[in-house]
Amino acid sequence: MAHTTLTFDDDDDDAHTIKPVLRPEPADVGGVYNTRSLSRTRTPGDGRHSGSHDRRTEEPSDDVENSEWLREDGKKKQVFKGTTLLWLAYQSTGAIYGDIGTSPLYVYSSTFTSQPSYDKLVEVLSVVIWSLSIMVTFKYVLIVLHADNQGEGGTFSCYSLLTRFANLTDRDPREAASVKMERHMTQDMSPGNQSVRRQMESSKFLRGLLQTIGVLAVSMVIADGILTPAQSVLGAIQGLEVVSPNISSSTIVGTSSGILVLLFAVQPLGLTKLASVFAPIVIVWLAFNASFGIYNLAKYDHSVLKAFSPYYAIRFFSEGKTEAWKMLGGILLSFTGVEALFADLGAFSMRAIQISWLGYCYPALLLAYIGQAAYISVHPEAYSNPFFNSVPPGFLYPSLVVAVLAAIVASQAMITACFQLVSQLMKLSYCPQMKIVHTSTKFHGQLYVPFLNWLLLIGTVLVTVIYSNTTRLGNAYGVCVIFVTFFDTCFVTLVALIVWRIPPYYVFLPWLFFATHDGLYLTSALNKVPDGAWFTLTLAAVLAGIFLLWRFGKESQWRAEAEDRFRPNQLITKETDEKLFLAERWGGGSVTHIRGFGIYFDKTGVLTPTVFTQFVTKFGAVPEIMIFFHLHPIETPTIPSSERYVISKIPAIPGCYRLVVRHGFMDEVITPDLAALIYEQIRKSVVQRANATDSDEASEDLSPEMRAASRGSSTAVSENPSADDKEKGKRRQGAPAELTDAKVREELARLDRAFATKVMYVVGKEQMKIKVNASIFRRLILETFLFIRDNTRAKIANLRLAMDRIVEVGFVKEI
């Protein structure tokens with residue numbers, strides 16, 4: 001694999017070799033690498049974006065260490081076609097549109113406070129039609145869905161996408177290797193785009209603002225994820241009052257809580273199974289809405305079709321003024337759930353969502369609202385329960401059953417969105433690691449997060465019990481939705497400038513139009529804050545504070561850990577007689593060998609593992625055989641065994657190897673026989689390397705005529721090879737290298753002896769200590785971080801390894 005030079009671009013596009021930022025220590029100490037400053041330049045003609053790419057901390061070439069595993073193994077965007085795409089579109093109908101699809105139950109009743117006049121009804125219908133068209137169809141389905149980050153959606157995925165095209169953030173050393181950086185060269189961007197990117201990268205305030213908005217948007221979706229199931233299930237059960245008005249409040253709350261428990265209990269089944277079951281319910285529900293709309297339109301008042309003219313929407317604002325602005329708080333319920341449409345992108349695909357929305361859901365919802373308006377124009381008192389009042393004769397009970405089922409499954413969109421967004425937070429270290437279960441081997445983005453699932457269940461049941469009815473819940477609903485849509489407008493605008501490189505003068509007017517549209521709804525929704533929206537905003541703020549606190553703590557941890565990461569030859573020096581000594585920083589004492597096979601768990605896969613640095617400097621000894629063992633997760637179900645293991649020998653330390661295991665999310669790596677697996681792979685690697693070297697030497701030893709013949713040349717081959725060639729040919733045709741080469745035999749014997757003597761799994765037990773001179777505010781934040789970290793980190797006892805072979809090396813780092 002060709003070595004790549006690490007460079008960065010300054011404003012003048014001068015390339016400089018990146019140096020680690022060294023602390024004031026001797027020259028041989030480890031560097032603190034600021035990954036936000038690192039980039040990687042692609043060679044021309046490689047078929048990728050030109051520009052500087054991939055921030056990575058790589059093993060320098062003088063260590064001659066194989067870094068093949070540092071390929072771009074991050075998430076790859078899946079593209080589906082044909083019947084698979086149609087199947088995904090079918091699934092997306094069940095998983096995404098339950099929320100926005102049940103809005104016809106309450107939009108008119110939430111908008112009007114008294115019987116509406118015909119003119120006011122048409123104006124509101126016009127605003128509903130154009131809001132659905134502008135907000136959902138034009139903005140999200142046709143524009144925003146294109147701003148995916150390797151197939152993932154949501155506001156935070158837009159932020160992640162920007163961090164790949166601009167130097168905005170540092171990365172976890174464990175993740176940096178697999179991040180595909182695609183920062184465009186400055187000369188490939190227009191001056192306006194250059195200026196925007198330069199301002200973003202140079203301003204600490206702007207970087208912090210983007211980070212905060214991205215995290216806040218996720219927090220708002222999670223807050224809605226707690227509220228939406230309670231709202232939809234409560235609404236469904238309250239709908240039974242249509243046929244049984246005497247249902248008590250306690251019965252409604254108890255039944256709703258039971259249904260919520262069942263809904264979250266089936267989440268482990270996976271999105272494919274759930275969406276396949278839910279899709280028929282949503283499809284039938286939308287079919288009822290569309291057919292009822294056509295019936296009412298034909299029977300009552302087809303003149304409401306004139307609401308398709310934007311004139312009536314404009315007149316709504318020009319005549320209604322402040323009153324019209326306040327009514328937007330009810331109209332916005334017509335597109336609640338649109339934020340989940342974008343966040344759920346990773347579980348489906350852009351084309352699948354576009355097909356299901358444009359081909360079915362969008363026209364069905366338009367017919368639903370138009371039909372209800374046609375009925376209300378003749379029966380104005382029907383606005384209080386528009387759906388059930390406008391049901392054709394004989395369809396009340398079937399529509400009631402379908403409405404209850406549709407309202408129950410409406411929660412799936414937000415539950416799925418929460419799983420998607422939290423997994424994105426974990427990738428950029430804004431959230432403690434939780435177990436993620438990939439529920440499909442075919443659709444890689446379909447996830448289930450057990451811990452989050454049960455947290456959401458507890459939250460929704462508590463909200464259901466406390467609020468007890470949809471009227472009170474409705475006051476808290478919708479504000480977070482419009483905040484997220486406004487954030488999405490701003491982030492996609494930045495994506496257009498930085499990623500798509502569209503000139504600012506093309507981007508400004510669309511941004512102004514969509515931002516104005518979002519702003520109208522946002523300012524109207526803020527009227528709900530005193531009446532209940534304060535709850536979701538407070539919950540979102542608390543969650544965002546936790547996520548940002550965690551990120552701050554992780555960045556402090558990375559800086560502390562970087563001080564223990566060195567190139568192996570900076571830690572241990574080797575004399576001519578093979579004796580080992582510590583570097584001068586640690587006193588230069590000799591390093592003794594102990595019998596055994598030591599496996600050091602390595603978090604980053606580059607440089608020297610922190611646990612090894614601590615082990616050798618504290619004990620002044622190393623095992624006879626040392627393995628730096630690194631797990632490198634890949635966003636694919638499984639990795640073939642031929643591509644799973646990447647092994648390199650570290651020349652600076654005799655008997656030291658690095659083993660990188662590339663594994664998919666369905667592969668099981670940590671097993672009780674892990675040591676035997678590592679031993680087998682290292683031994684196989686030694687043999688293969690020896691045979692490969694022997695083969696290369698054989699090729700070099702051939703005479704020019706024989707090399708030409710081996711390449712298929714027409715040059716004649718000498719019929720009388722030299723005696724030296726004959727001797728070498730005999731040796732090449734003899735026994736394998738592991739039997740004929742003394743060095744290989746000695747290396748294999750050392751491996752066998754060490755493995756037979758003793759196996760040690762060496763893991764680090766890192767403790768963090770806050771520096772004495774830290775401010776009170778910083779100390780408070782870091783104390784909270786350490787408390788969360790200590791209670792969420794994986795326990796050594798949970799590793800599926802032989803406990804009597806585990807050696808835990810404790811050390812303290814100051815942050």
# chains A, B, ... in the order shown; residues from 1 in each chain; ligands from 1

$ closest_atom_pairs --of "segment 614-643 of chain A" --to "segment 565-581 of chain A" --cutoff "12 Å" --atoms "only C-alpha atoms" --output "CSV"
residue,atom,partner,partner_atom,distance
A:Gln614,CA,A:Arg565,CA,10.2
A:Phe615,CA,A:Leu571,CA,11.7
A:Val616,CA,A:Ile572,CA,9.0
A:Thr617,CA,A:Leu571,CA,8.8
A:Gly620,CA,A:Phe581,CA,8.7
A:Ala621,CA,A:Leu580,CA,9.4
A:Val622,CA,A:Leu580,CA,9.6
A:Glu624,CA,A:Leu580,CA,11.9
A:Phe628,CA,A:Pro568,CA,11.4

$ closest_atom_pairs --of "segment 656-698 of chain A" --to "segment 634-647 of chain A" --cutoff "9 Å" --atoms "only C-alpha atoms" --output "Markdown table"
| residue | atom | partner | partner_atom | distance |
| --- | --- | --- | --- | --- |
| A:Tyr657 | CA | A:Ile647 | CA | 7.0 |
| A:Arg658 | CA | A:Ile647 | CA | 5.7 |
| A:Leu659 | CA | A:Ile647 | CA | 4.6 |
| A:Val660 | CA | A:Val646 | CA | 5.1 |
| A:Val661 | CA | A:Tyr645 | CA | 4.9 |
| A:Arg662 | CA | A:Arg644 | CA | 4.8 |
| A:His663 | CA | A:Ile639 | CA | 5.7 |
| A:Gly664 | CA | A:Thr638 | CA | 4.2 |
| A:Phe665 | CA | A:Pro637 | CA | 5.1 |
| A:Met666 | CA | A:Pro637 | CA | 5.0 |
| A:Asp667 | CA | A:Thr638 | CA | 5.6 |
| A:Gln681 | CA | A:Tyr645 | CA | 7.7 |
| A:Ile682 | CA | A:Ile647 | CA | 7.1 |
| A:Ser685 | CA | A:Ile647 | CA | 6.9 |

$ write_last_selection --atoms "N, CA, C and O atoms" --output "PDB file, in the first residue's frame"
ATOM      1  N   TYR A 657       4.047  -7.837  17.344  1.00  0.00           N
ATOM      2  CA  TYR A 657       3.194  -7.831  16.161  1.00  0.00           C
ATOM      3  C   TYR A 657       1.955  -6.974  16.448  1.00  0.00           C
ATOM      4  O   TYR A 657       1.567  -6.800  17.599  1.00  0.00           O
ATOM      5  N   ARG A 658       1.377  -6.485  15.384  1.00  0.00           N
ATOM      6  CA  ARG A 658       0.084  -5.818  15.510  1.00  0.00           C
ATOM      7  C   ARG A 658      -0.944  -6.636  14.725  1.00  0.00           C
ATOM      8  O   ARG A 658      -0.737  -6.950  13.548  1.00  0.00           O
ATOM      9  N   LEU A 659      -2.046  -6.978  15.378  1.00  0.00           N
ATOM     10  CA  LEU A 659      -3.124  -7.710  14.732  1.00  0.00           C
ATOM     11  C   LEU A 659      -4.382  -6.844  14.761  1.00  0.00           C
ATOM     12  O   LEU A 659      -4.882  -6.505  15.832  1.00  0.00           O
ATOM     13  N   VAL A 660      -4.859  -6.475  13.587  1.00  0.00           N
ATOM     14  CA  VAL A 660      -6.093  -5.711  13.455  1.00  0.00           C
ATOM     15  C   VAL A 660      -7.165  -6.658  12.932  1.00  0.00           C
ATOM     16  O   VAL A 660      -6.980  -7.305  11.894  1.00  0.00           O
ATOM     17  N   VAL A 661      -8.260  -6.760  13.660  1.00  0.00           N
ATOM     18  CA  VAL A 661      -9.376  -7.607  13.250  1.00  0.00           C
ATOM     19  C   VAL A 661     -10.484  -6.710  12.711  1.00  0.00           C
ATOM     20  O   VAL A 661     -11.111  -5.967  13.460  1.00  0.00           O
ATOM     21  N   ARG A 662     -10.708  -6.770  11.417  1.00  0.00           N
ATOM     22  CA  ARG A 662     -11.794  -6.029  10.788  1.00  0.00           C
ATOM     23  C   ARG A 662     -13.054  -6.888  10.889  1.00  0.00           C
ATOM     24  O   ARG A 662     -13.097  -7.995  10.358  1.00  0.00           O
ATOM     25  N   HIS A 663     -14.060  -6.381  11.568  1.00  0.00           N
ATOM     26  CA  HIS A 663     -15.242  -7.211  11.805  1.00  0.00           C
ATOM     27  C   HIS A 663     -16.519  -6.460  11.483  1.00  0.00           C
ATOM     28  O   HIS A 663     -16.621  -5.235  11.658  1.00  0.00           O
ATOM     29  N   GLY A 664     -17.512  -7.176  10.998  1.00  0.00           N
ATOM     30  CA  GLY A 664     -18.818  -6.609  10.727  1.00  0.00           C
ATOM     31  C   GLY A 664     -19.692  -6.632  11.956  1.00  0.00           C
ATOM     32  O   GLY A 664     -19.332  -7.212  12.987  1.00  0.00           O
ATOM     33  N   PHE A 665     -20.886  -6.026  11.858  1.00  0.00           N
ATOM     34  CA  PHE A 665     -21.716  -5.912  13.056  1.00  0.00           C
ATOM     35  C   PHE A 665     -22.393  -7.233  13.434  1.00  0.00           C
ATOM     36  O   PHE A 665     -22.958  -7.344  14.510  1.00  0.00           O
ATOM     37  N   MET A 666     -22.326  -8.246  12.575  1.00  0.00           N
ATOM     38  CA  MET A 666     -22.859  -9.556  12.931  1.00  0.00           C
ATOM     39  C   MET A 666     -21.763 -10.533  13.361  1.00  0.00           C
ATOM     40  O   MET A 666     -22.064 -11.655  13.775  1.00  0.00           O
ATOM     41  N   ASP A 667     -20.500 -10.133  13.253  1.00  0.00           N
ATOM     42  CA  ASP A 667     -19.386 -11.017  13.611  1.00  0.00           C
ATOM     43  C   ASP A 667     -19.152 -11.018  15.107  1.00  0.00           C
ATOM     44  O   ASP A 667     -19.262  -9.976  15.764  1.00  0.00           O
ATOM     45  N   GLN A 681      -3.379 -17.016  13.730  1.00  0.00           N
ATOM     46  CA  GLN A 681      -3.243 -16.010  12.677  1.00  0.00           C
ATOM     47  C   GLN A 681      -1.821 -15.448  12.597  1.00  0.00           C
ATOM     48  O   GLN A 681      -1.308 -15.231  11.500  1.00  0.00           O
ATOM     49  N   ILE A 682      -1.182 -15.226  13.742  1.00  0.00           N
ATOM     50  CA  ILE A 682       0.199 -14.724  13.736  1.00  0.00           C
ATOM     51  C   ILE A 682       1.129 -15.753  13.118  1.00  0.00           C
ATOM     52  O   ILE A 682       1.998 -15.424  12.289  1.00  0.00           O
ATOM     53  N   SER A 685       0.713 -15.881   9.454  1.00  0.00           N
ATOM     54  CA  SER A 685       1.280 -14.696   8.829  1.00  0.00           C
ATOM     55  C   SER A 685       2.794 -14.824   8.673  1.00  0.00           C
ATOM     56  O   SER A 685       3.355 -14.443   7.644  1.00  0.00           O
TER      57      SER A 685
END

$ residues_around --residues "segment 237-254 of chain A" --least-positions-apart "5" --cutoff "12 Å" --atoms "only C-alpha atoms" --output "number ranges by chain"
A: 105-106, 230-232, 259-261, 385, 387-389, 396-397, 399-408, 460-471

$ write_last_selection --atoms "N, CA and C atoms" --output "short mmCIF file (atom, residue, chain, number, x, y, z; two decimals), in the first residue's frame"
data_model
loop_
_atom_site.label_atom_id
_atom_site.label_comp_id
_atom_site.auth_asym_id
_atom_site.auth_seq_id
_atom_site.Cartn_x
_atom_site.Cartn_y
_atom_site.Cartn_z
N LEU A 105 -56.73 13.69 11.73
CA LEU A 105 -57.62 13.49 12.87
C LEU A 105 -57.86 14.78 13.65
N TYR A 106 -56.88 15.71 13.62
CA TYR A 106 -56.99 16.83 14.56
C TYR A 106 -56.54 18.19 14.03
N ALA A 230 -47.00 9.00 23.45
CA ALA A 230 -48.05 9.30 24.43
C ALA A 230 -49.21 10.03 23.76
N GLN A 231 -48.89 11.00 22.91
CA GLN A 231 -49.93 11.77 22.23
C GLN A 231 -50.77 10.88 21.30
N SER A 232 -50.09 10.06 20.48
CA SER A 232 -50.82 9.27 19.48
C SER A 232 -51.64 8.16 20.12
N ILE A 259 -50.70 -0.35 26.07
CA ILE A 259 -50.36 -0.40 24.64
C ILE A 259 -48.93 0.11 24.41
N LEU A 260 -48.53 1.15 25.14
CA LEU A 260 -47.16 1.67 25.01
C LEU A 260 -46.13 0.63 25.40
N VAL A 261 -46.37 -0.09 26.48
CA VAL A 261 -45.45 -1.15 26.91
C VAL A 261 -45.33 -2.20 25.81
N ASN A 385 -64.45 17.50 15.26
CA ASN A 385 -63.97 16.12 15.08
C ASN A 385 -64.05 15.80 13.60
N PHE A 387 -62.53 14.17 11.13
CA PHE A 387 -62.44 12.88 10.44
C PHE A 387 -63.71 12.04 10.65
N PHE A 388 -64.04 11.79 11.92
CA PHE A 388 -65.17 10.90 12.20
C PHE A 388 -66.51 11.51 11.78
N ASN A 389 -66.61 12.83 11.88
CA ASN A 389 -67.86 13.47 11.45
C ASN A 389 -68.07 13.40 9.95
N LEU A 396 -68.33 4.05 9.93
CA LEU A 396 -67.84 4.60 11.20
C LEU A 396 -67.01 3.59 11.96
N TYR A 397 -67.55 2.39 12.16
CA TYR A 397 -66.83 1.41 12.98
C TYR A 397 -65.55 0.89 12.29
N SER A 399 -63.70 2.54 10.18
CA SER A 399 -62.74 3.65 10.22
C SER A 399 -62.22 3.88 11.63
N LEU A 400 -63.07 3.62 12.63
CA LEU A 400 -62.63 3.78 14.02
C LEU A 400 -61.54 2.77 14.36
N VAL A 401 -61.73 1.53 13.95
CA VAL A 401 -60.73 0.48 14.21
C VAL A 401 -59.41 0.83 13.52
N VAL A 402 -59.49 1.21 12.26
CA VAL A 402 -58.27 1.54 11.50
C VAL A 402 -57.60 2.78 12.08
N ALA A 403 -58.39 3.77 12.50
CA ALA A 403 -57.83 5.00 13.07
C ALA A 403 -57.08 4.70 14.37
N VAL A 404 -57.66 3.84 15.21
CA VAL A 404 -57.00 3.49 16.47
C VAL A 404 -55.68 2.77 16.19
N LEU A 405 -55.70 1.83 15.25
CA LEU A 405 -54.47 1.10 14.90
C LEU A 405 -53.43 2.03 14.29
N ALA A 406 -53.87 2.93 13.40
CA ALA A 406 -52.93 3.86 12.76
C ALA A 406 -52.32 4.80 13.77
N ALA A 407 -53.11 5.28 14.73
CA ALA A 407 -52.59 6.19 15.75
C ALA A 407 -51.57 5.48 16.64
N ILE A 408 -51.79 4.18 16.88
CA ILE A 408 -50.84 3.42 17.71
C ILE A 408 -49.50 3.26 16.99
N THR A 460 -42.32 7.87 28.09
CA THR A 460 -43.66 8.00 27.50
C THR A 460 -44.75 7.59 28.50
N VAL A 461 -44.50 6.55 29.28
CA VAL A 461 -45.51 6.14 30.27
C VAL A 461 -45.69 7.22 31.32
N LEU A 462 -44.58 7.82 31.78
CA LEU A 462 -44.69 8.90 32.76
C LEU A 462 -45.46 10.09 32.20
N VAL A 463 -45.17 10.46 30.96
CA VAL A 463 -45.87 11.58 30.32
C VAL A 463 -47.36 11.26 30.18
N THR A 464 -47.66 10.03 29.81
CA THR A 464 -49.06 9.62 29.67
C THR A 464 -49.81 9.74 31.00
N VAL A 465 -49.18 9.28 32.07
CA VAL A 465 -49.84 9.31 33.38
C VAL A 465 -49.99 10.74 33.88
N ILE A 466 -48.96 11.57 33.67
CA ILE A 466 -48.98 12.93 34.21
C ILE A 466 -49.95 13.82 33.43
N TYR A 467 -49.90 13.77 32.09
CA TYR A 467 -50.74 14.66 31.28
C TYR A 467 -52.15 14.12 31.11
N SER A 468 -52.31 12.83 30.96
CA SER A 468 -53.59 12.09 30.97
C SER A 468 -54.56 12.41 29.84
N ASN A 469 -54.37 13.48 29.06
CA ASN A 469 -55.25 13.71 27.92
C ASN A 469 -54.50 14.48 26.83
N THR A 470 -55.00 14.35 25.59
CA THR A 470 -54.30 14.92 24.44
C THR A 470 -54.39 16.44 24.38
N THR A 471 -55.39 17.01 25.02
CA THR A 471 -55.52 18.48 25.00
C THR A 471 -54.33 19.12 25.71
#

$ residues_around --residues "segment 480-484 of chain A" --least-positions-apart "4" --cutoff "7 Å" --atoms "only C-alpha atoms" --output "JSON, numbers by chain"
{"A": [217, 220, 224, 336, 339, 488, 518, 521, 522]}

$ write_last_selection --atoms "N, CA, C and O atoms" --output "PDB file, in the first residue's frame"
ATOM      1  N   ALA A 217     -30.728  19.736  17.987  1.00  0.00           N
ATOM      2  CA  ALA A 217     -31.736  19.172  17.089  1.00  0.00           C
ATOM      3  C   ALA A 217     -32.009  17.707  17.428  1.00  0.00           C
ATOM      4  O   ALA A 217     -33.165  17.261  17.447  1.00  0.00           O
ATOM      5  N   MET A 220     -34.067  17.563  20.551  1.00  0.00           N
ATOM      6  CA  MET A 220     -35.470  17.901  20.326  1.00  0.00           C
ATOM      7  C   MET A 220     -36.234  16.733  19.701  1.00  0.00           C
ATOM      8  O   MET A 220     -37.402  16.497  20.021  1.00  0.00           O
ATOM      9  N   ASP A 224     -39.384  14.857  21.348  1.00  0.00           N
ATOM     10  CA  ASP A 224     -40.608  14.530  20.617  1.00  0.00           C
ATOM     11  C   ASP A 224     -40.850  13.028  20.595  1.00  0.00           C
ATOM     12  O   ASP A 224     -41.993  12.578  20.547  1.00  0.00           O
ATOM     13  N   THR A 336     -46.330  17.587  11.248  1.00  0.00           N
ATOM     14  CA  THR A 336     -45.522  17.009  12.329  1.00  0.00           C
ATOM     15  C   THR A 336     -45.155  15.577  11.947  1.00  0.00           C
ATOM     16  O   THR A 336     -45.985  14.815  11.475  1.00  0.00           O
ATOM     17  N   GLU A 339     -39.758  15.764  10.437  1.00  0.00           N
ATOM     18  CA  GLU A 339     -38.375  15.633  10.901  1.00  0.00           C
ATOM     19  C   GLU A 339     -37.957  14.165  10.993  1.00  0.00           C
ATOM     20  O   GLU A 339     -36.798  13.811  10.776  1.00  0.00           O
ATOM     21  N   ASP A 488     -32.674  22.330  10.027  1.00  0.00           N
ATOM     22  CA  ASP A 488     -32.375  21.587   8.800  1.00  0.00           C
ATOM     23  C   ASP A 488     -32.194  22.539   7.616  1.00  0.00           C
ATOM     24  O   ASP A 488     -31.304  22.336   6.780  1.00  0.00           O
ATOM     25  N   ASP A 518     -40.312  28.712   7.564  1.00  0.00           N
ATOM     26  CA  ASP A 518     -40.093  28.082   8.875  1.00  0.00           C
ATOM     27  C   ASP A 518     -40.271  29.095  10.001  1.00  0.00           C
ATOM     28  O   ASP A 518     -40.828  28.772  11.058  1.00  0.00           O
ATOM     29  N   TYR A 521     -43.903  29.778  11.162  1.00  0.00           N
ATOM     30  CA  TYR A 521     -44.428  28.720  12.030  1.00  0.00           C
ATOM     31  C   TYR A 521     -43.716  28.706  13.385  1.00  0.00           C
ATOM     32  O   TYR A 521     -44.336  28.457  14.421  1.00  0.00           O
ATOM     33  N   LEU A 522     -42.404  28.955  13.358  1.00  0.00           N
ATOM     34  CA  LEU A 522     -41.637  28.903  14.609  1.00  0.00           C
ATOM     35  C   LEU A 522     -42.104  29.973  15.586  1.00  0.00           C
ATOM     36  O   LEU A 522     -42.344  29.686  16.769  1.00  0.00           O
TER      37      LEU A 522
END

$ residues_around --residues "Leu539 of chain A" --least-positions-apart "3" --cutoff "9 Å" --atoms "only C-alpha atoms" --output "PyMOL selection string"
chain A and resi 219-220+222-223+534-536+542-544

$ write_last_selection --atoms "C-alpha atoms" --output "short mmCIF file (atom, residue, chain, number, x, y, z; two decimals), in the first residue's frame"
data_model
loop_
_atom_site.label_atom_id
_atom_site.label_comp_id
_atom_site.auth_asym_id
_atom_site.auth_seq_id
_atom_site.Cartn_x
_atom_site.Cartn_y
_atom_site.Cartn_z
CA SER A 219 -32.26 16.33 21.64
CA MET A 220 -35.47 17.90 20.33
CA ILE A 222 -35.70 12.63 21.29
CA ALA A 223 -37.97 14.90 23.33
CA TRP A 534 -41.70 24.54 27.97
CA PHE A 535 -41.62 20.86 28.93
CA THR A 536 -40.20 19.59 25.62
CA VAL A 542 -31.11 19.01 29.44
CA LEU A 543 -30.33 16.26 26.93
CA ALA A 544 -28.23 18.63 24.80
#

$ closest_atom_pairs --of "segment 533-608 of chain A" --to "segment 805-809 of chain A" --cutoff "12 Å" --atoms "only C-alpha atoms" --output "JSON lines"
{"residue": "A:Gly596", "atom": "CA", "partner": "A:Arg805", "partner_atom": "CA", "distance": 11.2}
{"residue": "A:Phe597", "atom": "CA", "partner": "A:Arg805", "partner_atom": "CA", "distance": 10.5}
{"residue": "A:Gly598", "atom": "CA", "partner": "A:Val807", "partner_atom": "CA", "distance": 9.6}
{"residue": "A:Ile599", "atom": "CA", "partner": "A:Ile806", "partner_atom": "CA", "distance": 9.5}
{"residue": "A:Tyr600", "atom": "CA", "partner": "A:Val807", "partner_atom": "CA", "distance": 9.6}
{"residue": "A:Phe601", "atom": "CA", "partner": "A:Glu808", "partner_atom": "CA", "distance": 10.6}

$ residues_around --residues "His444 of chain A" --least-positions-apart "4" --cutoff "10 Å" --atoms "only C-alpha atoms" --output "list in words"
Lys75, Lys76, Lys77, Gln78, Gly346, Ala347, Phe348, His438, Thr439, Ser440, Glu635, Thr636, Pro637 and Phe665 of chain A

$ residues_around --residues "Gln420 of chain A" --least-positions-apart "2" --cutoff "7 Å" --atoms "only C-alpha atoms" --output "ChimeraX atom specification"
/A:343-344,416-418,422-424,447

$ closest_atom_pairs --of "segment 450-521 of chain A" --to "segment 142-151 of chain A" --cutoff "12 Å" --atoms "only C-alpha atoms" --output "tab-separated table"
residue	atom	partner	partner_atom	distance
A:Thr485	CA	A:Val144	CA	10.1
A:Phe486	CA	A:Val144	CA	11.8
A:Phe487	CA	A:Val144	CA	11.5
A:Asp488	CA	A:Val144	CA	7.7
A:Thr489	CA	A:Val144	CA	8.0
A:Cys490	CA	A:Val144	CA	10.7
A:Phe491	CA	A:Ala147	CA	9.1
A:Val492	CA	A:Ala147	CA	6.4
A:Thr493	CA	A:Val144	CA	9.4
A:Leu494	CA	A:Ala147	CA	10.1
A:Val495	CA	A:Ala147	CA	6.9
A:Ala496	CA	A:Ala147	CA	8.3
A:Leu497	CA	A:Ala147	CA	11.6
A:Ile498	CA	A:Ala147	CA	11.5
A:Val499	CA	A:Ala147	CA	9.0
A:Trp500	CA	A:Ala147	CA	9.2
A:Pro510	CA	A:Ile143	CA	10.7
A:Trp511	CA	A:Ile143	CA	11.6
A:Phe514	CA	A:Ile143	CA	11.3

$ select_by_dssp --residues "segment 468-661 of chain A" --states "strand (DSSP E)" --output "number ranges by chain"
A: 572-574, 580-582, 590-601, 621-633, 645-649, 656-661

$ closest_residue --among "A:Gly810, A:Gly655, A:Pro268, A:Gly371" --to "Tyr448 of chain A" --atoms "only C-alpha atoms"
A:Pro268

$ closest_residue --among "A:Gly764, A:Pro229, A:Pro310, A:Pro280" --to "Leu125 of chain A" --atoms "only C-alpha atoms"
A:Pro310

$ closest_residue --among "A:Pro623, A:Leu425, A:Thr613, A:Lys528" --to "Thr757 of chain A" --atoms "only C-alpha atoms"
A:Pro623

$ atom_distance --atom1 "atom CA of Gly532 of chain A" --atom2 "atom CA of Val479 of chain A"
9.9 Å

$ select_by_dssp --residues "segment 313-440 of chain A" --states "alpha helix (DSSP H)" --output "VMD selection string"
chain A and resid 313 to 331 338 to 343 350 to 356 362 to 378 386 to 389 396 to 409 412 to 427
